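Visitor: Provided below: data.cif, containing mmCIF, C-alpha atoms and all ligand atoms.
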data_upload
loop_
_atom_site.label_atom_id
_atom_site.label_comp_id
_atom_site.auth_asym_id
_atom_site.auth_seq_id
_atom_site.Cartn_x
_atom_site.Cartn_y
_atom_site.Cartn_z
CA MET A 1 -79.82 -31.90 56.57
CA SER A 2 -78.66 -35.19 55.14
CA GLY A 3 -75.11 -36.50 54.92
CA PRO A 4 -72.72 -38.27 57.24
CA ALA A 5 -72.36 -37.04 60.77
CA ASN A 6 -68.59 -37.27 60.53
CA HIS A 7 -66.05 -35.01 58.84
CA ASP A 8 -67.15 -33.38 55.59
CA PRO A 9 -64.25 -31.48 53.96
CA ALA A 10 -66.70 -29.30 52.02
CA ALA A 11 -68.09 -27.99 55.31
CA ASP A 12 -64.65 -26.78 56.29
CA ALA A 13 -64.80 -24.11 53.64
CA ALA A 14 -67.56 -22.39 55.59
CA ALA A 15 -65.31 -21.72 58.54
CA VAL A 16 -63.50 -18.52 57.60
CA PRO A 17 -59.84 -18.30 58.51
CA PHE A 18 -59.47 -15.28 60.72
CA VAL A 19 -56.72 -13.07 61.99
CA LEU A 20 -56.47 -13.03 65.75
CA PRO A 21 -56.71 -9.53 67.17
CA GLY A 22 -53.16 -8.22 67.62
CA PRO A 23 -51.91 -6.43 70.72
CA ALA A 24 -54.65 -4.21 72.14
CA VAL A 25 -54.57 -0.77 70.57
CA VAL A 26 -53.76 1.99 73.04
CA ARG A 27 -55.61 5.11 71.96
CA GLU A 28 -53.74 7.58 74.11
CA THR A 29 -50.94 8.44 71.67
CA VAL A 30 -51.13 10.04 68.23
CA ALA A 31 -50.12 6.80 66.49
CA GLY A 32 -52.32 4.62 68.70
CA TRP A 33 -55.36 6.79 68.13
CA ALA A 34 -54.78 6.70 64.35
CA GLN A 35 -54.38 2.94 64.40
CA TRP A 36 -57.57 2.52 66.40
CA ARG A 37 -59.43 4.86 64.06
CA HIS A 38 -58.37 2.91 61.00
CA THR A 39 -59.04 -0.54 62.41
CA ARG A 40 -62.01 0.07 64.68
CA HIS A 41 -64.54 -1.64 62.41
CA SER A 42 -62.21 -4.22 60.90
CA PHE A 43 -62.92 -7.28 63.02
CA THR A 44 -64.52 -10.10 61.01
CA PRO A 45 -66.98 -12.06 63.14
CA ALA A 46 -67.25 -15.83 62.85
CA PRO A 47 -69.77 -17.02 60.27
CA GLN A 48 -73.12 -18.36 61.45
CA LEU A 49 -72.98 -22.14 61.26
CA SER A 50 -75.84 -24.47 62.04
CA LEU A 51 -75.22 -27.23 64.55
CA ALA A 52 -75.36 -29.81 61.73
CA ARG A 53 -72.78 -27.92 59.73
CA TRP A 54 -70.51 -27.46 62.74
CA ARG A 55 -70.66 -31.20 63.43
CA ARG A 56 -69.40 -31.92 59.96
CA LEU A 57 -66.26 -29.79 60.44
CA GLY A 58 -62.98 -31.60 60.96
CA PRO A 59 -61.62 -31.48 64.51
CA ARG A 60 -59.07 -28.80 63.72
CA ARG A 61 -61.57 -26.61 61.87
CA ARG A 62 -64.03 -27.07 64.67
CA MET A 63 -61.48 -25.93 67.21
CA LEU A 64 -60.60 -22.91 65.07
CA HIS A 65 -64.23 -22.05 64.56
CA ASP A 66 -64.85 -22.21 68.31
CA LEU A 67 -61.90 -19.90 68.86
CA HIS A 68 -63.30 -17.54 66.25
CA ARG A 69 -66.67 -17.62 68.01
CA ALA A 70 -64.97 -16.79 71.31
CA ALA A 71 -63.19 -13.86 69.62
CA THR A 72 -66.52 -12.72 68.21
CA HIS A 73 -68.12 -12.68 71.65
CA ALA A 74 -65.10 -10.85 73.05
CA ASN A 75 -65.39 -8.16 70.37
CA LEU A 76 -69.08 -7.38 70.34
CA PRO A 77 -69.73 -4.19 68.40
CA ILE A 78 -70.84 -0.90 69.89
CA LEU A 79 -74.53 -0.52 69.05
CA GLU A 80 -76.28 2.77 68.83
CA THR A 81 -78.72 3.29 71.69
CA PRO A 82 -81.31 6.06 71.97
CA MET A 83 -79.13 7.61 74.69
CA SER A 84 -75.87 7.39 72.77
CA ALA A 85 -77.61 8.81 69.70
CA VAL A 86 -78.45 11.97 71.66
CA VAL A 87 -74.87 12.38 72.85
CA SER A 88 -73.53 11.68 69.35
CA ARG A 89 -75.76 14.26 67.74
CA ILE A 90 -74.90 17.00 70.24
CA MET A 91 -71.21 16.24 70.29
CA GLY A 92 -70.99 15.82 66.52
CA SER A 93 -72.60 19.13 65.76
CA ARG A 94 -70.67 20.98 68.47
CA ILE A 95 -67.34 19.72 67.11
CA GLN A 96 -68.23 20.50 63.55
CA THR A 97 -69.51 24.00 64.24
CA ASN A 98 -66.44 24.81 66.27
CA ALA A 99 -64.04 23.38 63.71
CA LEU A 100 -65.58 25.44 60.95
CA LYS A 101 -65.40 28.70 62.95
CA ARG A 102 -62.73 31.08 61.76
CA THR A 103 -63.11 33.76 64.40
CA PRO A 104 -60.68 33.83 67.32
CA THR A 105 -63.49 33.60 69.89
CA THR A 106 -63.52 30.95 72.58
CA ARG A 107 -65.07 27.68 71.43
CA ALA A 108 -67.92 26.30 73.53
CA GLY A 109 -67.07 22.96 75.10
CA LEU A 110 -69.03 19.89 76.02
CA MET A 111 -69.26 17.84 79.17
CA ILE A 112 -70.49 14.26 78.92
CA ASN A 113 -71.83 13.02 82.20
CA GLY A 114 -72.95 9.55 83.21
CA GLY A 115 -72.40 6.64 85.55
CA GLY A 116 -69.60 4.11 85.17
CA TYR A 117 -69.64 1.61 82.31
CA GLN A 118 -72.43 3.35 80.45
CA GLY A 119 -70.46 3.77 77.26
CA LYS A 120 -69.24 7.37 77.66
CA THR A 121 -65.73 6.68 76.39
CA GLU A 122 -66.74 4.54 73.43
CA THR A 123 -69.52 6.87 72.36
CA ALA A 124 -67.31 9.95 72.49
CA CYS A 125 -64.37 8.27 70.74
CA GLU A 126 -66.60 7.01 67.94
CA VAL A 127 -68.08 10.47 67.35
CA ALA A 128 -64.60 12.00 67.33
CA ALA A 129 -63.30 9.33 64.94
CA VAL A 130 -66.20 9.85 62.55
CA PHE A 131 -65.54 13.58 62.62
CA GLU A 132 -61.83 13.04 61.96
CA ASP A 133 -62.53 10.70 59.02
CA GLN A 134 -64.76 13.36 57.47
CA TRP A 135 -62.46 16.23 58.31
CA LEU A 136 -59.44 14.57 56.71
CA ALA A 137 -61.48 13.63 53.64
CA LEU A 138 -62.62 17.24 53.32
CA HIS A 139 -59.04 18.37 53.71
CA ASP A 140 -57.98 16.07 50.86
CA GLN A 141 -60.77 17.36 48.72
CA LEU A 142 -59.94 21.01 49.32
CA ASN A 143 -56.22 20.63 49.23
CA PRO A 144 -55.25 17.52 47.27
CA ASP A 145 -51.73 18.88 46.71
CA ALA A 146 -50.84 19.07 50.40
CA VAL A 147 -47.15 18.41 50.81
CA ALA A 148 -46.51 14.71 51.18
CA GLY A 149 -45.56 13.73 54.70
CA THR A 150 -47.13 16.69 56.46
CA ARG A 151 -50.18 14.57 57.22
CA ASP A 152 -48.10 12.71 59.76
CA LEU A 153 -48.07 15.81 61.88
CA VAL A 154 -51.80 16.25 61.91
CA ALA A 155 -53.67 14.95 64.95
CA THR A 156 -57.22 16.22 64.51
CA VAL A 157 -58.36 14.50 67.70
CA ALA A 158 -56.41 14.13 70.93
CA TYR A 159 -57.77 11.54 73.36
CA VAL A 160 -56.36 11.86 76.86
CA PRO A 161 -57.49 9.82 79.87
CA THR A 162 -57.03 11.71 83.12
CA PRO A 163 -54.48 9.98 85.37
CA VAL A 164 -56.00 8.27 88.41
CA THR A 165 -54.35 10.71 90.81
CA ALA A 166 -54.82 13.80 88.73
CA THR A 167 -53.54 17.31 89.27
CA PRO A 168 -53.56 20.17 86.78
CA LYS A 169 -49.89 19.42 86.10
CA SER A 170 -50.36 15.71 85.52
CA VAL A 171 -53.26 16.43 83.17
CA CYS A 172 -50.99 18.67 81.10
CA GLU A 173 -48.32 15.98 81.14
CA ALA A 174 -50.83 13.39 79.95
CA ILE A 175 -51.79 15.68 77.05
CA LEU A 176 -48.13 16.14 76.13
CA ASP A 177 -47.62 12.38 76.37
CA PHE A 178 -50.34 11.94 73.74
CA TYR A 179 -48.17 13.95 71.35
CA GLY A 180 -44.92 12.43 72.58
CA ALA A 181 -43.77 15.92 73.57
CA PRO A 182 -41.19 16.32 76.36
CA HIS A 183 -42.29 17.84 79.67
CA ARG A 184 -39.70 17.05 82.31
CA GLY A 185 -39.39 19.43 85.21
CA MET A 186 -41.72 22.09 83.81
CA THR A 187 -43.82 24.45 85.92
CA LEU A 188 -47.59 24.53 85.40
CA ALA A 189 -47.29 27.70 83.32
CA GLN A 190 -44.65 26.10 81.10
CA LEU A 191 -46.74 22.96 80.75
CA VAL A 192 -49.79 24.94 79.68
CA HIS A 193 -47.67 26.75 77.13
CA ALA A 194 -46.28 23.46 75.79
CA VAL A 195 -49.81 22.06 75.51
CA ARG A 196 -50.86 25.10 73.51
CA THR A 197 -47.90 24.58 71.16
CA SER A 198 -48.65 20.88 70.65
CA LEU A 199 -52.36 21.47 69.96
CA HIS A 200 -51.52 24.19 67.49
CA ASP A 201 -48.71 22.37 65.71
CA HIS A 202 -50.83 19.26 65.18
CA ALA A 203 -53.87 21.25 64.05
CA THR A 204 -55.91 19.54 66.75
CA LYS A 205 -59.61 20.36 66.65
CA VAL A 206 -60.95 18.16 69.44
CA LEU A 207 -59.39 17.51 72.82
CA ILE A 208 -61.12 14.77 74.80
CA LEU A 209 -60.25 14.65 78.49
CA ASP A 210 -61.72 11.40 79.74
CA ASP A 211 -62.54 10.74 83.40
CA ILE A 212 -61.95 14.42 84.18
CA THR A 213 -63.83 14.11 87.48
CA ARG A 214 -60.71 12.45 88.90
CA LEU A 215 -59.13 15.87 88.80
CA ARG A 216 -61.55 17.44 91.17
CA MET A 217 -61.49 14.58 93.61
CA HIS A 218 -58.10 15.81 94.75
CA ARG A 219 -59.27 19.19 95.68
CA GLU A 220 -56.13 20.93 96.81
CA ALA A 221 -55.84 22.99 93.65
CA ASP A 222 -59.28 24.30 92.73
CA GLN A 223 -58.10 27.57 91.30
CA ASP A 224 -55.39 25.90 89.24
CA THR A 225 -57.96 23.52 87.80
CA LEU A 226 -60.25 26.33 86.75
CA ASP A 227 -57.33 28.25 85.27
CA LEU A 228 -56.26 25.17 83.35
CA LEU A 229 -59.71 24.55 81.90
CA ARG A 230 -60.01 28.19 80.95
CA SER A 231 -56.69 28.17 79.16
CA LEU A 232 -57.54 24.94 77.35
CA MET A 233 -60.76 26.51 76.17
CA GLY A 234 -58.84 29.45 74.78
CA MET A 235 -56.83 27.14 72.53
CA HIS A 236 -59.38 26.95 69.72
CA VAL A 237 -60.16 23.30 70.18
CA THR A 238 -63.47 21.77 71.17
CA LEU A 239 -62.88 20.62 74.71
CA VAL A 240 -64.84 17.47 75.53
CA LEU A 241 -64.81 16.58 79.21
CA ILE A 242 -66.09 13.15 80.19
CA GLY A 243 -66.82 12.22 83.77
CA VAL A 244 -68.81 10.22 86.26
CA GLY A 245 -71.20 12.45 88.15
CA ILE A 246 -69.92 15.80 86.91
CA PRO A 247 -72.72 17.82 88.58
CA THR A 248 -71.81 16.53 92.04
CA SER A 249 -68.06 16.33 91.52
CA GLY A 250 -67.46 19.98 92.32
CA LEU A 251 -65.92 20.41 88.87
CA LEU A 252 -67.04 23.75 87.50
CA ARG A 253 -69.47 24.07 90.28
CA GLU A 254 -71.28 27.31 90.72
CA GLY A 255 -70.91 29.13 94.02
CA ARG A 256 -68.83 26.48 95.77
CA PRO A 257 -66.65 27.87 98.56
CA THR A 258 -63.01 27.37 97.75
CA GLY A 259 -61.54 27.87 101.19
CA GLY A 260 -58.64 29.70 99.57
CA THR A 261 -56.78 32.53 101.26
CA ALA A 262 -57.97 35.11 98.75
CA GLY A 263 -61.64 34.62 99.70
CA THR A 264 -64.28 32.84 97.69
CA GLY A 265 -65.55 35.45 95.27
CA PHE A 266 -63.13 35.22 92.38
CA ALA A 267 -63.05 31.45 92.07
CA ASP A 268 -66.84 31.27 92.21
CA GLN A 269 -67.21 33.79 89.47
CA THR A 270 -64.66 32.12 87.24
CA ALA A 271 -66.34 28.78 87.88
CA THR A 272 -69.68 30.18 86.79
CA GLN A 273 -68.14 31.77 83.76
CA THR A 274 -66.41 28.54 82.78
CA GLN A 275 -69.51 26.46 83.37
CA ARG A 276 -71.58 28.61 81.02
CA ARG A 277 -69.23 27.82 78.20
CA PHE A 278 -69.98 24.12 78.38
CA ASP A 279 -73.02 22.15 77.34
CA LEU A 280 -73.73 19.35 79.76
CA VAL A 281 -75.13 16.21 78.19
CA ASP A 282 -76.07 13.09 80.13
CA LEU A 283 -75.51 9.57 78.92
CA ASP A 284 -78.10 7.59 80.84
CA PRO A 285 -78.56 3.85 81.22
CA PHE A 286 -81.62 2.15 79.75
CA GLY A 287 -84.79 2.38 81.78
CA TYR A 288 -87.56 -0.15 82.33
CA ASP A 289 -90.40 1.99 83.59
CA THR A 290 -92.34 2.91 80.45
CA PRO A 291 -93.44 0.88 77.43
CA GLN A 292 -91.08 2.95 75.26
CA ALA A 293 -88.15 2.30 77.58
CA ILE A 294 -88.86 -1.43 77.59
CA ALA A 295 -89.15 -1.44 73.81
CA ALA A 296 -85.80 0.36 73.47
CA TRP A 297 -84.11 -2.11 75.83
CA THR A 298 -85.61 -5.06 73.97
CA ALA A 299 -84.48 -3.60 70.65
CA HIS A 300 -80.96 -3.30 72.03
CA LEU A 301 -81.06 -6.94 73.14
CA ALA A 302 -82.27 -7.96 69.69
CA GLY A 303 -79.28 -6.12 68.24
CA VAL A 304 -76.88 -7.89 70.59
CA GLU A 305 -78.45 -11.25 69.80
CA THR A 306 -77.63 -11.00 66.09
CA HIS A 307 -73.93 -10.91 66.95
CA LEU A 308 -73.88 -14.07 69.05
CA ARG A 309 -72.63 -17.34 67.60
CA LEU A 310 -74.15 -20.04 69.79
CA LEU A 311 -75.07 -23.26 68.05
CA ALA A 312 -78.33 -23.93 69.91
CA ALA A 313 -79.48 -20.31 69.97
CA ARG A 314 -83.06 -19.72 68.88
CA PRO A 315 -84.42 -16.43 67.61
CA GLY A 316 -85.72 -14.39 70.52
CA MET A 317 -83.25 -15.95 72.93
CA LEU A 318 -82.66 -12.58 74.61
CA THR A 319 -85.95 -10.86 73.84
CA ASP A 320 -88.71 -13.39 74.53
CA GLY A 321 -90.61 -13.96 77.75
CA VAL A 322 -88.93 -12.83 80.95
CA MET A 323 -85.46 -12.43 79.43
CA PRO A 324 -85.57 -8.63 78.88
CA GLU A 325 -86.69 -8.12 82.45
CA TYR A 326 -84.17 -10.63 83.78
CA LEU A 327 -81.30 -8.98 81.87
CA PHE A 328 -82.42 -5.56 83.02
CA ARG A 329 -82.40 -6.71 86.61
CA ARG A 330 -78.93 -8.14 86.22
CA THR A 331 -77.43 -5.05 84.63
CA GLY A 332 -79.54 -2.06 85.64
CA GLY A 333 -79.75 -1.24 81.95
CA VAL A 334 -76.04 -0.38 81.83
CA VAL A 335 -74.63 -1.33 78.41
CA GLY A 336 -71.18 -2.18 79.73
CA LEU A 337 -72.55 -4.56 82.37
CA LEU A 338 -74.79 -6.21 79.78
CA GLU A 339 -71.82 -6.72 77.47
CA ARG A 340 -69.91 -8.31 80.33
CA LEU A 341 -72.76 -10.62 81.30
CA ILE A 342 -73.36 -11.71 77.69
CA GLU A 343 -69.67 -12.19 77.00
CA ASP A 344 -69.15 -14.37 80.06
CA GLY A 345 -72.46 -16.14 79.51
CA CYS A 346 -71.45 -17.08 75.96
CA ALA A 347 -68.11 -18.43 77.15
CA LEU A 348 -69.93 -20.57 79.71
CA ALA A 349 -72.52 -21.70 77.15
CA ILE A 350 -69.73 -22.91 74.86
CA ASP A 351 -67.73 -24.54 77.67
CA THR A 352 -70.72 -26.44 78.96
CA SER A 353 -72.05 -27.27 75.45
CA VAL A 354 -75.37 -25.66 76.42
CA GLU A 355 -74.83 -23.41 73.40
CA GLN A 356 -77.56 -20.94 74.29
CA LEU A 357 -78.22 -18.25 76.88
CA THR A 358 -80.92 -18.92 79.44
CA GLY A 359 -81.75 -17.37 82.79
CA ASP A 360 -80.47 -20.49 84.54
CA LEU A 361 -77.15 -20.35 82.77
CA LEU A 362 -76.73 -16.61 83.38
CA ASP A 363 -77.50 -17.11 87.07
CA GLU A 364 -74.15 -18.89 87.18
CA VAL A 365 -72.31 -15.84 85.87
CA THR A 366 -71.09 -13.19 88.28
CA ILE A 367 -70.21 -9.89 86.70
CA ASN A 368 -66.73 -9.06 87.89
CA LEU A 369 -65.25 -5.80 86.71
CA GLY A 370 -61.83 -6.30 88.25
CA ASN A 371 -61.55 -2.53 88.46
CA ILE A 372 -58.52 -2.31 90.67
CA ASP A 373 -57.14 0.99 89.43
CA ARG A 374 -60.34 3.01 89.31
CA PRO A 375 -61.72 5.45 91.87
CA ALA A 376 -64.77 3.96 93.61
CA ALA A 377 -67.13 6.56 92.13
CA GLU A 378 -66.50 5.18 88.63
CA ILE A 379 -67.45 1.60 89.45
CA PRO A 380 -71.14 1.00 88.81
CA THR A 381 -73.32 -0.80 91.30
CA ILE A 382 -73.66 -4.35 90.05
CA PRO A 383 -76.97 -6.01 90.82
CA THR A 384 -76.61 -9.60 92.02
CA ALA A 385 -78.00 -12.68 90.34
CA ALA A 386 -79.57 -13.76 93.61
CA SER A 387 -83.27 -13.42 93.05
CA ARG A 388 -85.06 -14.10 89.80
CA ALA A 389 -88.41 -13.02 91.18
CA PRO A 390 -89.56 -9.83 89.44
CA LYS A 391 -88.85 -6.63 91.33
CA PRO A 392 -89.78 -3.12 90.31
CA PRO A 393 -86.77 -1.38 88.77
CA VAL A 394 -85.12 1.06 91.12
CA ARG A 395 -83.63 4.26 89.85
CA ASN A 396 -79.95 4.70 90.61
CA THR A 397 -79.68 7.82 92.75
CA VAL A 398 -75.98 7.56 93.48
CA PHE A 399 -75.11 10.39 91.13
CA ASP A 400 -77.96 12.70 91.98
CA ASP A 401 -77.03 16.14 93.19
CA HIS A 402 -77.70 16.26 96.90
CA GLY A 403 -75.98 19.59 97.23
CA THR A 404 -72.87 18.38 99.02
CA PRO A 405 -69.49 17.36 97.66
CA PRO A 406 -69.00 13.58 97.26
CA ALA A 407 -67.98 11.79 100.41
CA GLY A 408 -64.49 10.39 100.68
CA ALA A 409 -63.21 12.93 98.20
CA VAL A 410 -59.61 12.11 98.79
CA GLY A 411 -58.73 9.17 96.65
N1 LIG B 501 -73.57 1.40 72.75
C1 LIG B 501 -72.96 0.29 73.17
N2 LIG B 501 -73.31 -0.92 72.72
C2 LIG B 501 -72.68 -2.01 73.15
N3 LIG B 501 -71.68 -2.02 74.02
C3 LIG B 501 -71.28 -0.85 74.51
C4 LIG B 501 -71.89 0.36 74.10
N4 LIG B 501 -71.26 1.38 74.74
C5 LIG B 501 -70.32 0.82 75.49
N5 LIG B 501 -70.31 -0.51 75.36
C6 LIG B 501 -69.40 -1.40 76.07
O1 LIG B 501 -69.50 -1.11 77.43
C7 LIG B 501 -68.23 -1.10 78.05
C8 LIG B 501 -68.06 0.19 78.80
O2 LIG B 501 -68.04 1.26 77.86
P1 LIG B 501 -67.17 2.56 78.11
O3 LIG B 501 -65.80 2.21 78.55
O4 LIG B 501 -67.32 3.43 76.94
O5 LIG B 501 -67.99 3.16 79.32
P2 LIG B 501 -67.64 4.39 80.24
O6 LIG B 501 -68.95 5.04 80.55
O7 LIG B 501 -66.59 5.22 79.63
O8 LIG B 501 -67.11 3.66 81.52
P3 LIG B 501 -66.10 4.19 82.66
O9 LIG B 501 -66.91 4.98 83.59
O10 LIG B 501 -65.58 2.93 83.25
O11 LIG B 501 -65.03 5.01 81.98
C9 LIG B 501 -67.20 -1.28 76.95
O12 LIG B 501 -66.64 -2.55 77.07
C10 LIG B 501 -67.97 -1.11 75.68
O13 LIG B 501 -67.51 -2.00 74.71
MG MG B 502 -64.65 5.63 80.19
#
Translate this structure into structure tokens?
Guide:
Amino acid sequence: MSGPANHDPAADAAAVPFVLPGPAVVRETVAGWAQWRHTRHSFTPAPQLSLARWRRLGPRRRMLHDLHRAATHANLPILETPMSAVVSRIMGSRIQTNALKRTPTTRAGLMINGGGYQGKTETACEVAAVFEDQWLALHDQLNPDAVAGTRDLVATVAYVPTPVTATPKSVCEAILDFYGAPHRGMTLAQLVHAVRTSLHDHATKVLILDDITRLRMHREADQDTLDLLRSLMGMHVTLVLIGVGIPTSGLLREGRPTGGTAGTGFADQTATQTQRRFDLVDLDPFGYDTPQAIAAWTAHLAGVETHLRLLAARPGMLTDGVMPEYLFRRTGGVVGLLERLIEDGCALAIDTSVEQLTGDLLDEVTINLGNIDRPAAEIPTIPTAASRAPKPPVRNTVFDDHGTPPAGAVG
């Protein structure tokens, strides 16, 4: 490119003014969920500028553009992966079939199982939001004369994270908090009744209970937990339970002794009966052990790469040579860890003016989840940057079913 190396006002026009993301949206209330659903794809990434063009920006524009780039790296989009596509398809069709059913029979539920940071929450929320968009559009189409204002009462999807120290009561309270419904001093039976009323009054079709495995980790109330899940399933919503290591958590486990005073038989049978009403779908990390797995990982990296705004980036920055293998080793193929590594790597690349991602630069980045308020089981194992020599990928066996309840079950 020709032209002076100093400030060119015409170049300034290329740097789009952008709106800084407002306060983080909290999805766990009716209004918060709706706001997230409406704005979830609204972030405008920074434009791609060449180094020459960036140099010709005025100092203020340059600073703003760099801030916009940082915001872009902090808001990388959720990309479809082969694993999330499977979960989306199963969850999407389960929700839709259930929502269209008119019979009073119990709706089959869904359990989404996977390790920490593998995208369970984001995948499930996106599927639910897509369903809600379509459901409300269909509603408009069928009933365009719906009384104005009544829409405010409709909450097609309820998203409820399980409290860290969960009990059947606190789960009910969290559900009621989503609706802003009062629940002070209620017994479990009253809470369950209030939940039923809220779900019905808001015409809720999908109830997502995230991190449900926290419930079972405090195992003093097994029978109450089963009773709660059974009553939730009888409420004509699609119950979506998300958890880390559901098969080993003891949740809905077949034939597990309860240690209760009334003997073990009844609880075991109800557990089996409950379990059969759920599909279990796994959200796995990427693998690196077959050519197809490597190709899928590399395709994901190529997708990520298109969203980065580094001035010295070259095509293939994340996908050429040893980079796919390096990134796999750093993250174990876990999308959330990759996002973290890339995000921090980009910040470092901008700070140091390296303006591209290389193995050497990423070696300087330590993935730090800062997960202070999460049970240990939900925190994924983070590989270290230590060695760059190729190692065969090792399968994570932490969540395999070894036939015993997880150690250290009390949180
Ligand atoms: N398909 C994806 N593509 C890109 N980034 C993703 C994808 N899925 C998830 N992420 C990112 O990974 C991070 C972890 O995702 P998410 O919170 O959904 O995982 P999780 O399995 O629910 O984790 P946890 O066990 O901590 O609840 C998020 O920051 C999210 O933006
Ligand atoms: Mg989650």
Visitor: Give me the residues of chain A that have any atom at most 9 Å from an atom of ligand LIG 501 (chain B); for each, the nearest atom pair and the distance in Å, rounded to one decimal. Use only C-alpha atoms and all ligand atoms, sort by chain and number, and format it as a tab-separated table.
Guide:
residue	atom	partner	partner_atom	distance
A:Asn75	CA	B:LIG501	O13	7.8
A:Leu76	CA	B:LIG501	N3	7.0
A:Pro77	CA	B:LIG501	C2	6.0
A:Ile78	CA	B:LIG501	N2	3.8
A:Leu79	CA	B:LIG501	N2	3.9
A:Glu80	CA	B:LIG501	N1	5.0
A:Thr81	CA	B:LIG501	N1	5.6
A:Met83	CA	B:LIG501	N1	8.6
A:Ser84	CA	B:LIG501	N1	6.4
A:Ala85	CA	B:LIG501	N1	9.0
A:Asn113	CA	B:LIG501	O6	8.6
A:Gly114	CA	B:LIG501	O6	6.6
A:Gly115	CA	B:LIG501	O9	6.1
A:Gly116	CA	B:LIG501	O9	3.2
A:Tyr117	CA	B:LIG501	O8	3.4
A:Gln118	CA	B:LIG501	O6	3.9
A:Gly119	CA	B:LIG501	O4	3.2
A:Lys120	CA	B:LIG501	O6	3.7
A:Thr121	CA	B:LIG501	O7	3.7
A:Glu122	CA	B:LIG501	O4	3.7
A:Thr123	CA	B:LIG501	O4	6.1
A:Ala124	CA	B:LIG501	O4	7.9
A:Cys125	CA	B:LIG501	O4	8.4
A:Asp210	CA	B:LIG501	O11	7.5
A:Asp211	CA	B:LIG501	O11	6.4
A:Ile242	CA	B:LIG501	O7	8.0
A:Gly243	CA	B:LIG501	O9	7.2
A:Val244	CA	B:LIG501	O9	6.2
A:Leu283	CA	B:LIG501	O6	8.1
A:His300	CA	B:LIG501	N2	8.0
A:Val304	CA	B:LIG501	C2	7.7
A:Val334	CA	B:LIG501	O1	7.9
A:Val335	CA	B:LIG501	C3	5.2
A:Gly336	CA	B:LIG501	O1	3.0
A:Leu337	CA	B:LIG501	O1	6.8
A:Leu338	CA	B:LIG501	O1	7.7
A:Glu339	CA	B:LIG501	N3	5.8
A:Arg340	CA	B:LIG501	O12	7.4
A:Asn371	CA	B:LIG501	O10	8.6
A:Arg374	CA	B:LIG501	O10	8.0
A:Ala377	CA	B:LIG501	O9	8.7
A:Glu378	CA	B:LIG501	O9	5.1
A:Ile379	CA	B:LIG501	O10	6.6
A:Pro380	CA	B:LIG501	O9	7.8
Visitor: Near Ala349 in chain A, within 10 Å and counting only C-alpha atoms, which residues show up once chain neighbours fewer than 5 positions away are dropped, as a PyMOL selection string?
Guide: chain A and resi 310-312+343-344+354-358+361-362
Visitor: Nearest residue to ligand MG 502 (chain B) out of A:Gly316, A:Pro161, A:Gly321, A:Gly333, using all atoms listed in the file?
Guide: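 Residue with the minimum atom-to-atom distance to ligand MG 502 (chain B): A:Pro161.
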Visitor: In Å, how far is it from CA of Pro247 in chain A to CA of Asp284 in chain A?
Guide: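 Atom-to-atom, CA of Pro247 in chain A to CA of Asp284 in chain A, that is 13.9 Å.
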Visitor: Let me know the centre plus edge lengths, in Å and rounded to one decimal, of a box with edges along x, y and z that contains all listed atoms of range 304-315 of chain A and is padded by 3 Å on every side, as lines of an AutoDock Vina configuration file.
Guide:
center_x = -78.5
center_y = -15.9
center_z = 68.3
size_x = 17.8
size_y = 22.0
size_z = 10.5
Visitor: Name the closest residue to Leu100 in chain A among the candidates A:Thr319, A:Thr238, A:Thr352, A:Thr331; distances are taken between atoms, counting all atoms listed in the file.
Guide: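 Of A:Thr319, A:Thr238, A:Thr352, A:Thr331, the one nearest Leu100 in chain A, counting all atoms listed in the file, is A:Thr238.
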Visitor: Can you tell me how far CA of Ala299 in chain A sits from CA of Ala128 in chain A, in Å to one decimal?
Guide: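 Computed distance, CA of Ala299 in chain A to CA of Ala128 in chain A, equals 25.5 Å.
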Visitor: Quick one, how far is CA of Ile95 in chain A from CA of Glu132 in chain A?
Guide: 10.1 Å
